[in-house]
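Structure first, then comments.
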Amino acid sequence: MIDNHDLVFAIAERAKQYLLDPPSGEDPVVDLASPDELIAAFDSTVGLALAADGSEPNHDNAELLAAIDLVVRHSMHTSHPRFVNQNFAGPDPVAVAGDWLGAALNTTGATFEVAPVFTLMEAAVIDRLARLAGYVSTDSELLPALPSGLFCPGGSVGTLFGLQLARHRHDRDITTRGPSGERLTVFVSASGHYAATKSAALMGIGTDNVVKVPCHFDGSIDVAELAEAIRQCMTTGGTPLAVIATSGTTVTSAFDDLHGVADVCKQHGIWMHVDGCYGGSSLFSPAQAHRLSGVERSDSFVWNLHKMMGMTQQCTALLVKQPEQLAACFATRADYLFQPDKQFAEYDSGDRTFQCARRIDVLKAWLAWKTHGDEGFAARIDHAVAMGTHTRHAIAARGDRFVTVVDGDFTNVVFVWVPPELRPLSTTDPAALPIDKRDALHLLPPAIKARMQRDGTAMIGFQPVHGMNTFRMICMNSTLRASDIDAILDAIERYGADAVGGSAESMGSTPDSSLPPQR
Ligand SMILES: *Cc1c(COP(=O)(O)O)cnc(C)c1O
């Protein structure tokens, strides 16, 4: 029997309602509360903290459901079409259902005996991903004897594992003997993800030995600079270990020239890892797959399905060109779990990774893929790119009121709103702007965003690009429509006018009637 049966069903019902009818349109994206306000709100139900003296009672269902309502109300509504804050957004409901079923079945992906279906399912999904990436030839229908990778807990971990594999190939004894004293060096573009730095810290490579290679203006790696950085490393006694190429950078969604990187890696025998956490899903779209041309020449490739594909976090595939390297690098042969004389032991994936228990993240990905089909997956990517294109056009149509700072052609658009007294901007390059103008523009995105959050109008991120704060519209949210993009730009204009002109009282009050209404 299930304890607390009614409570479980009531919470599941709330989640179901939320999933099928999430906030949208003029509903707030966020019900902003300070930490103190949140604590006070929970104090009227079961409290947020657990009694420090060990006197926490078992609360009744009514109190618990009131607390659950607060959880939903004050959480970020990432499914809202005006949530363009990050490179993930609300989930595909099919993936949530898959996650629930997986949680209900609560097992680990480590061994075939406790995950018979999921072991085969993971091999099947990994195989399709590997074929999309060109890791496995599409000539044969047969699954290879060893899957070309596995699911791992997130893109950062995938990059850590990729670097671990690189180091193991370079120096097999390092796992037993420890570091040799060689100065191993990792190369990643200056726009690459910080997982490279964190991995180097964790692995004992040292963050000083992560070389941030200069980029082109759009955020893609400058391959000539990469070749030069590698040459410098070697002439100063370092050993180039790995290059991390990025397919879809976090800020500008730029794609590195993978063939260019692969040529450099091949010349020196360096491991090539592709961080496709964000943009890897382009491979699902025949119209966008060209962005990853050359990925088939890499040694490892990490791909987050919880970003563009809307899988619940986390859902990350690590593909490995020579999959036998996984066991060589990670296996410890624990005899209580991976008994070689157990039936079907050869299917066990657990000794091919660092993890012991492993979430069966594959179930939701498999279910979503089978539900939407290849065409549905492609349509999702094409919609995101189309929304990026709409954003660029909408910004251009607003004349000198907006400026696109980094003009890519994928899903992310990096831009600023320009207040009347600074129009027209003489250049779109922040570094070339007069310092006083740049400083004035730099202050605006945080001020505008704070007003937006207070009203719950939209959620859009900002970050310094070339030394100046800029907005970043990330068009991967599958519920985003052109009208939402227009509404977000309208709101930025409204709050911007408020921020430069407004007294404290007028901040974000009623919209200025001279500006276009929110659609
Ligand atoms: C999100 C992201 C990562 C990190 O992935 P996590 O799953 O959040 O650890 C790495 N690289 C890029 C380019 C990303 O966008």
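Residues are referred to by chain and number: the chain letter is A, B, ... according to the order shown in the structure tokens, the number counts from 1 in that chain, and ligands are numbered separately from 1 in the order shown.
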Picked from stretch 37-232 of chain A by DSSP as alpha helix (DSSP H), as number ranges by chain
A: 37-43, 61-74, 93-105, 116-132, 155-170, 174-177, 195-203, 223-232
| field | Those of stretch 235-272 of chain A in DSSP strand (DSSP E), formatted as a ChimeraX atom specification | value | /A:239-246,271-272
Pairwise distance, atom 1 (C, counted along the ligand's line) of ligand 1 with atom CA of A:Asp409, equals 19.1 Å
Nearby residues, ligand 1, 6 Å, only C-alpha atoms and all ligand atoms, as an NGL selection string: :A and (154-156 or 193 or 248-250 or 275 or 277-278)
Using Å and a single decimal, report how far atom CA of A:Ala201 sits from atom CA of A:Thr175.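 If I compute the distance from atom CA of A:Thr175 to atom CA of A:Ala201, I get 16.5 Å.
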### Message
Could you list, as a PyMOL selection string, every residue within 10 Å of stretch 27-30 of chain A, counting only C-alpha atoms and ignoring same-chain residues fewer than 6 positions away?
### Response
chain A and resi 73-83+452-459
Could the residues in this selection be saved with C-alpha atoms as a tab-separated table (two decimals), in the first residue's frame?
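Result file result-v2.tsv:
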chain	number	residue	atom	x	y	z
A	73	ARG	CA	3.44	30.14	-7.48
A	74	HIS	CA	6.94	31.33	-6.65
A	75	SER	CA	8.86	29.11	-9.02
A	76	MET	CA	10.10	30.41	-12.34
A	77	HIS	CA	7.58	29.64	-15.08
A	78	THR	CA	10.02	28.34	-17.64
A	79	SER	CA	7.18	27.10	-19.86
A	80	HIS	CA	5.90	30.65	-20.24
A	81	PRO	CA	6.50	31.79	-23.82
A	82	ARG	CA	8.18	34.94	-22.53
A	83	PHE	CA	10.85	32.99	-20.68
A	452	MET	CA	10.64	43.42	-15.80
A	453	GLN	CA	11.09	40.89	-13.01
A	454	ARG	CA	9.14	43.04	-10.59
A	455	ASP	CA	6.19	43.08	-13.01
A	456	GLY	CA	6.72	39.49	-14.15
A	457	THR	CA	6.46	40.67	-17.77
A	458	ALA	CA	9.21	38.51	-19.23
A	459	MET	CA	12.50	36.88	-18.31
- Nearest to A:Ser253 among A:Thr371, A:Asn209, A:Ser55, A:Thr411, with distances taken over only C-alpha atoms: which residue is it?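 Smallest distance to A:Ser253 is found for A:Thr411.
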A:Ser140 environment, 12 Å, only C-alpha atoms, sequence neighbours closer than 3 positions dropped, as a compact mmCIF listing (two decimals) with all heavy atoms, in the first residue's frame:
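selection37.txt written:
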# COMPACT_ATOMS: atom_id res chain seq x y z
N ASP A 127 22.80 4.92 -30.28
CA ASP A 127 23.17 4.54 -31.64
C ASP A 127 22.64 5.54 -32.66
O ASP A 127 23.36 5.94 -33.59
CB ASP A 127 22.65 3.14 -31.96
CG ASP A 127 23.12 2.68 -33.33
OD1 ASP A 127 24.34 2.52 -33.50
OD2 ASP A 127 22.28 2.50 -34.23
N ARG A 128 21.39 5.97 -32.50
CA ARG A 128 20.82 6.94 -33.46
C ARG A 128 21.57 8.28 -33.37
O ARG A 128 21.85 8.92 -34.38
CB ARG A 128 19.34 7.15 -33.18
CG ARG A 128 18.41 6.39 -34.08
CD ARG A 128 18.58 6.74 -35.55
NE ARG A 128 17.85 7.94 -35.93
CZ ARG A 128 18.21 8.77 -36.90
NH1 ARG A 128 19.31 8.54 -37.60
NH2 ARG A 128 17.49 9.82 -37.18
N ARG A 131 24.82 7.94 -35.10
CA ARG A 131 24.69 7.97 -36.57
C ARG A 131 24.48 9.40 -37.05
O ARG A 131 25.04 9.81 -38.07
CB ARG A 131 23.53 7.07 -37.01
CG ARG A 131 23.90 5.59 -36.92
CD ARG A 131 22.68 4.69 -37.08
NE ARG A 131 22.99 3.35 -36.62
CZ ARG A 131 23.12 2.29 -37.42
NH1 ARG A 131 22.94 2.41 -38.72
NH2 ARG A 131 23.42 1.11 -36.93
N VAL A 136 28.94 6.57 -36.23
CA VAL A 136 28.65 5.20 -36.66
C VAL A 136 28.15 5.30 -38.09
O VAL A 136 27.37 6.19 -38.41
CB VAL A 136 27.57 4.58 -35.75
CG1 VAL A 136 27.07 3.26 -36.30
CG2 VAL A 136 28.09 4.40 -34.33
N SER A 137 28.61 4.40 -38.90
CA SER A 137 28.18 4.41 -40.30
C SER A 137 26.70 4.04 -40.39
O SER A 137 26.22 3.18 -39.67
CB SER A 137 29.02 3.40 -41.08
OG SER A 137 28.30 2.97 -42.20
N LEU A 143 22.96 -2.77 -34.56
CA LEU A 143 23.56 -2.01 -33.46
C LEU A 143 24.98 -2.53 -33.27
O LEU A 143 25.21 -3.73 -33.32
CB LEU A 143 22.79 -2.25 -32.15
CG LEU A 143 21.41 -1.63 -32.00
CD1 LEU A 143 20.92 -1.82 -30.57
CD2 LEU A 143 21.43 -0.15 -32.34
N PRO A 144 25.96 -1.64 -33.05
CA PRO A 144 27.31 -2.13 -32.77
C PRO A 144 27.33 -2.90 -31.45
O PRO A 144 26.45 -2.72 -30.61
CB PRO A 144 28.13 -0.84 -32.68
CG PRO A 144 27.17 0.27 -32.49
CD PRO A 144 25.83 -0.19 -32.98
* Asked: With only C-alpha atoms as the atoms that count, which of A:Ile360, A:Leu489, A:Ala166, A:Ala133 lies nearest to A:Val403?
  ->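 For A:Val403, the nearest of the candidates is A:Leu489.
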Checklist entry - So, counting only C-alpha atoms, which residue among A:Gly388, A:Pro434, A:Gly496, A:Gly192 is closest to A:Gly219? => result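 Result for the nearest residue to A:Gly219: A:Gly192.
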I want to know what sits within 8 Å of A:Arg380, based on only C-alpha atoms, with residues of the same chain fewer than 3 positions away left out; could you give that as a list of chain:residue names?
A:Met308, A:Met309, A:Gly376, A:Phe377, A:His383, A:Ala384, A:Ser478
File of the preceding selection, N, CA, C and O atoms, as a JSON list (two decimals), in the first residue's frame:
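As a result, out_11.json now contains:
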[["chain", "number", "residue", "atom", "x", "y", "z"],
["A", 308, "MET", "N", 17.83, 22.37, -26.24],
["A", 308, "MET", "CA", 16.92, 22.65, -27.36],
["A", 308, "MET", "C", 15.77, 21.65, -27.48],
["A", 308, "MET", "O", 14.72, 21.98, -28.02],
["A", 309, "MET", "N", 15.95, 20.41, -27.02],
["A", 309, "MET", "CA", 14.92, 19.40, -27.24],
["A", 309, "MET", "C", 13.86, 19.36, -26.15],
["A", 309, "MET", "O", 12.92, 18.57, -26.23],
["A", 376, "GLY", "N", 9.20, 15.63, -36.16],
["A", 376, "GLY", "CA", 8.84, 16.48, -35.03],
["A", 376, "GLY", "C", 10.07, 17.08, -34.38],
["A", 376, "GLY", "O", 10.08, 18.27, -34.00],
["A", 377, "PHE", "N", 11.12, 16.28, -34.27],
["A", 377, "PHE", "CA", 12.36, 16.79, -33.67],
["A", 377, "PHE", "C", 12.96, 17.89, -34.57],
["A", 377, "PHE", "O", 13.43, 18.91, -34.09],
["A", 383, "HIS", "N", 11.88, 25.71, -35.79],
["A", 383, "HIS", "CA", 11.09, 26.78, -35.16],
["A", 383, "HIS", "C", 12.01, 27.72, -34.37],
["A", 383, "HIS", "O", 11.88, 28.95, -34.46],
["A", 384, "ALA", "N", 12.93, 27.14, -33.62],
["A", 384, "ALA", "CA", 13.83, 27.96, -32.80],
["A", 384, "ALA", "C", 14.66, 28.90, -33.69],
["A", 384, "ALA", "O", 14.81, 30.09, -33.39],
["A", 478, "SER", "N", 10.13, 26.39, -26.99],
["A", 478, "SER", "CA", 9.26, 25.93, -28.09],
["A", 478, "SER", "C", 7.90, 26.62, -28.08],
["A", 478, "SER", "O", 7.17, 26.56, -29.06]]
- Message: Show me, as a ChimeraX atom specification, the residues that have an atom within 12 Å of A:Pro214 when counting only C-alpha atoms, minus same-chain residues fewer than 3 positions from it.
- Response: /A:187-192,211,217-229,256
Would you mind exporting N, CA, C and O atoms of the selected residues as a compact mmCIF listing (two decimals), in the first residue's frame?
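What ended up in part_36.txt:
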# COMPACT_ATOMS: atom_id res chain seq x y z
N PHE A 187 42.78 23.28 -24.63
CA PHE A 187 42.47 24.49 -25.40
C PHE A 187 40.96 24.57 -25.62
O PHE A 187 40.32 23.59 -26.00
N VAL A 188 40.43 25.75 -25.36
CA VAL A 188 39.00 25.98 -25.58
C VAL A 188 38.87 27.44 -25.99
O VAL A 188 39.72 28.27 -25.63
N SER A 189 37.85 27.78 -26.72
CA SER A 189 37.74 29.18 -27.15
C SER A 189 37.37 30.06 -25.96
O SER A 189 36.82 29.58 -24.96
N ALA A 190 37.66 31.34 -26.10
CA ALA A 190 37.34 32.29 -25.04
C ALA A 190 35.83 32.36 -24.80
O ALA A 190 35.39 32.81 -23.74
N SER A 191 35.04 31.91 -25.76
CA SER A 191 33.58 31.88 -25.59
C SER A 191 33.09 30.51 -25.12
O SER A 191 31.89 30.30 -25.00
N GLY A 192 34.01 29.58 -24.92
CA GLY A 192 33.62 28.21 -24.53
C GLY A 192 33.08 28.17 -23.12
O GLY A 192 33.20 29.12 -22.35
N VAL A 211 43.95 26.97 -21.94
CA VAL A 211 44.23 28.13 -22.80
C VAL A 211 42.93 28.57 -23.46
O VAL A 211 42.27 27.78 -24.14
N PHE A 217 34.58 37.83 -33.90
CA PHE A 217 33.63 38.72 -33.24
C PHE A 217 32.34 37.99 -32.85
O PHE A 217 31.72 38.30 -31.82
N ASP A 218 31.93 36.99 -33.64
CA ASP A 218 30.66 36.29 -33.36
C ASP A 218 30.78 35.28 -32.23
O ASP A 218 29.77 34.70 -31.82
N GLY A 219 31.99 35.04 -31.74
CA GLY A 219 32.17 34.09 -30.64
C GLY A 219 32.65 32.72 -31.08
O GLY A 219 32.77 31.82 -30.25
N SER A 220 32.94 32.54 -32.36
CA SER A 220 33.49 31.25 -32.81
C SER A 220 35.01 31.31 -32.74
O SER A 220 35.62 32.38 -32.87
N ILE A 221 35.61 30.13 -32.57
CA ILE A 221 37.06 30.08 -32.35
C ILE A 221 37.82 30.52 -33.61
O ILE A 221 37.39 30.25 -34.73
N ASP A 222 38.92 31.20 -33.40
CA ASP A 222 39.81 31.57 -34.49
C ASP A 222 40.83 30.43 -34.63
O ASP A 222 41.71 30.27 -33.78
N VAL A 223 40.68 29.63 -35.67
CA VAL A 223 41.49 28.42 -35.82
C VAL A 223 42.98 28.75 -35.96
O VAL A 223 43.83 28.01 -35.46
N ALA A 224 43.30 29.86 -36.61
CA ALA A 224 44.71 30.25 -36.74
C ALA A 224 45.30 30.54 -35.36
O ALA A 224 46.44 30.17 -35.05
N GLU A 225 44.49 31.18 -34.51
CA GLU A 225 44.95 31.45 -33.13
C GLU A 225 45.11 30.14 -32.36
O GLU A 225 46.01 30.01 -31.51
N LEU A 226 44.23 29.19 -32.63
CA LEU A 226 44.34 27.88 -31.97
C LEU A 226 45.66 27.22 -32.34
O LEU A 226 46.41 26.74 -31.46
N ALA A 227 45.97 27.21 -33.63
CA ALA A 227 47.21 26.59 -34.09
C ALA A 227 48.42 27.28 -33.45
O ALA A 227 49.37 26.62 -33.01
N GLU A 228 48.34 28.59 -33.34
CA GLU A 228 49.44 29.35 -32.74
C GLU A 228 49.56 29.04 -31.24
O GLU A 228 50.67 28.86 -30.72
N ALA A 229 48.42 28.93 -30.56
CA ALA A 229 48.45 28.63 -29.12
C ALA A 229 49.05 27.26 -28.85
O ALA A 229 49.81 27.06 -27.90
N ASP A 256 31.86 26.66 -33.79
CA ASP A 256 33.26 26.61 -34.21
C ASP A 256 33.39 25.86 -35.53
O ASP A 256 32.57 24.97 -35.83
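Considering only C-alpha atoms, the residue among A:Glu296, A:Pro93, A:Gln339, A:Leu443 positioned nearest to A:Tyr18 is A:Pro93.
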Note to self: Env of A:Val414: 7 Å cut, atoms = only C-alpha atoms, seq-sep filter 3 positions within chain, self excluded. Answer as a list of chain:residue names.
What the structure shows: A:Thr252, A:Thr404, A:Val405, A:Val406, A:Thr470, A:Phe471, A:Arg472, A:Met473
Write out, as a PDB file, in the first residue's frame, the residues just selected, with C-alpha atoms.
ATOM      1  CA  THR A 252      26.007  34.042 -28.969  1.00  0.00           C
ATOM      2  CA  THR A 404      22.167  44.009 -32.614  1.00  0.00           C
ATOM      3  CA  VAL A 405      25.622  43.710 -31.090  1.00  0.00           C
ATOM      4  CA  VAL A 406      26.511  40.214 -32.265  1.00  0.00           C
ATOM      5  CA  THR A 470      23.774  43.348 -23.589  1.00  0.00           C
ATOM      6  CA  PHE A 471      20.471  41.490 -23.675  1.00  0.00           C
ATOM      7  CA  ARG A 472      20.380  37.961 -25.015  1.00  0.00           C
ATOM      8  CA  MET A 473      17.177  36.682 -26.581  1.00  0.00           C
TER       9      MET A 473
END
One decimal place gives the atom CA of A:Thr428-atom CA of A:Asn477 separation as 26.8 Å
